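Data first, discussion second: the structure below is written as structure tokens.
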Amino acid sequence: MEKKWNDWMDVTGERIDLPNVYGKGVGKQGQEAYDYCSGNWCVSQEDSMFVYPKDATYDDVKCHNEKYIPFEEQECLNSNFHIEEHCKDLKPVMYHQCRVECCAGNCDGIEKTIEEIETIINKFGKNETEPVYSTPDIDPVCEGGDYLGTGETACPSASGSIVKLLHQTGDIPGGEPIIYGITYPHTQDDDHGREVSIRVANPFTGNSDVYVRYEKKVGEFANDPDCEKALNVIPGCQTESTEILLGCIEYPGVPPFALVDIYVAGAFVSGGATVEKCCHPEDYSEAGVVKYSFKVMCECPDGATA
């Protein structure tokens, strides 16, 4: 099938012709595009094949019957005349984006977007259909059933563990690691703060539920509370365990660190702790719950990781 066929189709897979709108040859826009989306791709709950995000339902993602407002009637921070003058000479592919940016008051932002696109084109060549990306090597977290990247091994030069147990409501069976797979991901950009990546194990002898309450990084310095939930977790080191990014706390003169609460619950667990409500816990009235609070350092003493 030709690539040009796979952009505008109806629910049966039939191609829909793209009319020349606004004399710019850019296909469906405005009311026509709105009607196309709502008429072809708004589905009932019965027909929905969505996999909903955590704690979401069909009601969170379903189409809402909102009235279409033409661009010219929207409340923009710049006048329609100013927007049209600023965007009229752009290529069709950037024309609509320019109007949207300019409406929001960021008329100059489109130049930066165009510059980024041209940089990509120049890097990979205009004749290439698409760039070829290599899959980065993923650091192993288990080796022969042994944990890698623990508090004792993630930073070989550290004099002790970079993971400190601050509080516990029960013992850790056999001294098994709970936090492993520690890595320090590169900062995404200048506006995104420092993070440390961890994985969490079930240290008990039988399958248990694990809840991880932590703070995720928002922007350069702020953190927001978050929670991960994993039910029926197999004991021991698991290669497919979920990677969790902890937002680091930074103070002047103090090495950056992250705090995390880990709850393990189930029939094999001995403890009377209560999982925080924000983690949406199951009913453990007839099972045990133990809580561990950890401090994880967000850098190795000399910057070198295992």
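Labels for the structure tokens follow display order: chains A, B, ..., residues from 1 in each chain, ligands from 1.
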Any idea what's packed within 9 Å of A:Cys279, counting only C-alpha atoms, ignoring anything in its chain fewer than 2 positions away? Could you give it as a list in words?
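So, after excluding close chain neighbours, the residues are Tyr211, Val212, Arg213, Asp226, Cys227, Glu228, Lys229, Val275, Glu276, Lys277 and Pro281 of chain A.
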Alpha helix (DSSP H) positions in stretch 10-253 of chain A, given as a ChimeraX atom specification
/A:30-41,58-61,80-87,92-103,109-124
Kindly provide the residues of stretch 199-276 of chain A that approach stretch 177-187 of chain A to within 10 Å, each paired with its closest atom pair and their distance in Å to one decimal, based on only C-alpha atoms, listed by chain and increasing number, as a Markdown table.
```
| residue | atom | partner | partner_atom | distance |
| --- | --- | --- | --- | --- |
| A:Arg199 | CA | A:Tyr180 | CA | 5.3 |
| A:Val200 | CA | A:Ile179 | CA | 4.9 |
| A:Ala201 | CA | A:Ile178 | CA | 4.8 |
| A:Asn202 | CA | A:Ile178 | CA | 6.6 |
| A:Pro203 | CA | A:Ile178 | CA | 6.2 |
| A:Phe204 | CA | A:Ile178 | CA | 9.9 |
| A:Glu220 | CA | A:Thr187 | CA | 9.7 |
| A:Gly236 | CA | A:Pro177 | CA | 8.8 |
| A:Cys237 | CA | A:Tyr180 | CA | 8.4 |
| A:Thr239 | CA | A:Gly181 | CA | 9.2 |
| A:Ser241 | CA | A:Gly181 | CA | 9.5 |
| A:Glu243 | CA | A:Gly181 | CA | 8.2 |
| A:Ile244 | CA | A:Ile182 | CA | 9.7 |
| A:Leu245 | CA | A:Pro185 | CA | 8.8 |
| A:Ile262 | CA | A:Ile178 | CA | 8.8 |
```
If DSSP is run on the backbone, what residues of stretch 103-272 of chain A are strand (DSSP E)? A reply as a VMD selection string would be ideal.
chain A and resid 142 to 143 146 to 147 163 to 168 179 to 183 195 to 200 208 to 218 222 to 233 244 to 247 249 to 251 254 to 266
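Nearest to A:Pro225 of all the residues A:Lys88, A:Asp261, A:Glu240, A:Cys298 is A:Asp261, counting only C-alpha atoms.
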Shortest interatomic distance to A:Met49 - which of A:Phe221, A:Val233, A:Lys62, A:Ser285, counting only C-alpha atoms
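Closest residue, counting only C-alpha atoms: A:Lys62.
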Name all residues at most 6 Å from A:Gly271 (count only C-alpha atoms; drop same-chain ones fewer than 3 positions away) and give them as a count of residues only.
4
Here is a test: counting only C-alpha atoms, which residue of A:Tyr52, A:Phe268, A:Phe257, A:Tyr36 is nearest to A:Arg194?
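With only C-alpha atoms as the atom set, the closest residue is A:Phe257.
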Select, from A:Thr153, A:Gln74, A:Ser79, A:Asn232, the residue with the minimum atom-to-atom distance to A:Gly206, counting only C-alpha atoms.
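Smallest separation from A:Gly206 among the options: A:Asn232.
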Could you check which of A:Lys295, A:Lys164, A:Lys67, A:Lys91 is closest to A:Tyr34, using only C-alpha atoms?
A:Lys67
Å distance separating atom CA of A:Tyr58 from atom CA of A:His280, one decimal place
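Atom CA of A:His280 lies 18.9 Å from atom CA of A:Tyr58.
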At a cut-off of 10 Å, using only C-alpha atoms, what residues contact stretch 94-96 of chain A? Leave out same-chain residues fewer than 2 positions from it and give the result as a list of chain:residue names.
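Here the answer would be A:Lys24, A:Val26, A:Gln29, A:Gly30, A:Glu84, A:His86, A:Cys87, A:Lys88, A:Asp89, A:Leu90, A:Lys91, A:Pro92, A:Cys98, A:Arg99, A:Val100, A:Glu101, A:Cys102, A:Ile110, A:Glu111, A:Thr113, A:Ile114.
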Those selected residues, please, written with N, CA and C atoms and delivered as a compact mmCIF listing (two decimals), in the first residue's frame.
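Final output, again-v9.txt:
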```
# COMPACT_ATOMS: atom_id res chain seq x y z
N LYS A 24 -4.00 26.24 -0.33
CA LYS A 24 -2.62 25.94 0.03
C LYS A 24 -2.27 24.48 -0.20
N VAL A 26 -3.08 21.75 1.33
CA VAL A 26 -2.66 21.04 2.54
C VAL A 26 -3.71 20.07 3.05
N GLN A 29 -8.54 20.64 6.73
CA GLN A 29 -8.25 21.52 7.86
C GLN A 29 -9.56 22.01 8.44
N GLY A 30 -9.46 22.67 9.58
CA GLY A 30 -10.62 23.32 10.16
C GLY A 30 -11.79 22.40 10.37
N GLU A 84 -2.11 36.15 10.23
CA GLU A 84 -2.05 35.82 8.80
C GLU A 84 -0.82 36.43 8.14
N HIS A 86 1.99 37.08 9.55
CA HIS A 86 3.18 36.40 10.03
C HIS A 86 3.36 35.03 9.39
N CYS A 87 2.27 34.35 9.05
CA CYS A 87 2.34 32.96 8.61
C CYS A 87 2.11 32.74 7.12
N LYS A 88 1.64 33.74 6.42
CA LYS A 88 1.15 33.52 5.05
C LYS A 88 2.20 32.99 4.08
N ASP A 89 3.47 33.30 4.30
CA ASP A 89 4.50 32.92 3.34
C ASP A 89 5.17 31.58 3.67
N LEU A 90 4.72 30.92 4.73
CA LEU A 90 5.34 29.65 5.10
C LEU A 90 4.86 28.52 4.21
N LYS A 91 5.65 27.46 4.16
CA LYS A 91 5.25 26.28 3.41
C LYS A 91 3.99 25.67 4.03
N PRO A 92 3.16 25.01 3.23
CA PRO A 92 1.89 24.47 3.73
C PRO A 92 2.03 23.62 4.99
N CYS A 98 2.04 27.37 12.53
CA CYS A 98 2.38 28.77 12.78
C CYS A 98 1.18 29.52 13.33
N ARG A 99 0.01 29.30 12.76
CA ARG A 99 -1.20 30.00 13.23
C ARG A 99 -1.53 29.63 14.68
N VAL A 100 -1.39 28.34 14.99
CA VAL A 100 -1.68 27.88 16.36
C VAL A 100 -0.71 28.53 17.35
N GLU A 101 0.59 28.52 17.01
CA GLU A 101 1.59 29.11 17.90
C GLU A 101 1.34 30.61 18.07
N CYS A 102 1.05 31.27 16.95
CA CYS A 102 0.85 32.72 16.98
C CYS A 102 -0.40 33.09 17.77
N ILE A 110 7.67 29.59 15.86
CA ILE A 110 7.67 28.75 14.67
C ILE A 110 9.03 28.74 14.00
N GLU A 111 9.77 29.84 14.12
CA GLU A 111 11.11 29.89 13.52
C GLU A 111 12.03 28.86 14.16
N THR A 113 11.06 26.03 15.54
CA THR A 113 10.62 24.71 15.08
C THR A 113 11.15 24.41 13.68
N ILE A 114 11.06 25.39 12.79
CA ILE A 114 11.57 25.22 11.42
C ILE A 114 13.07 24.96 11.44
```
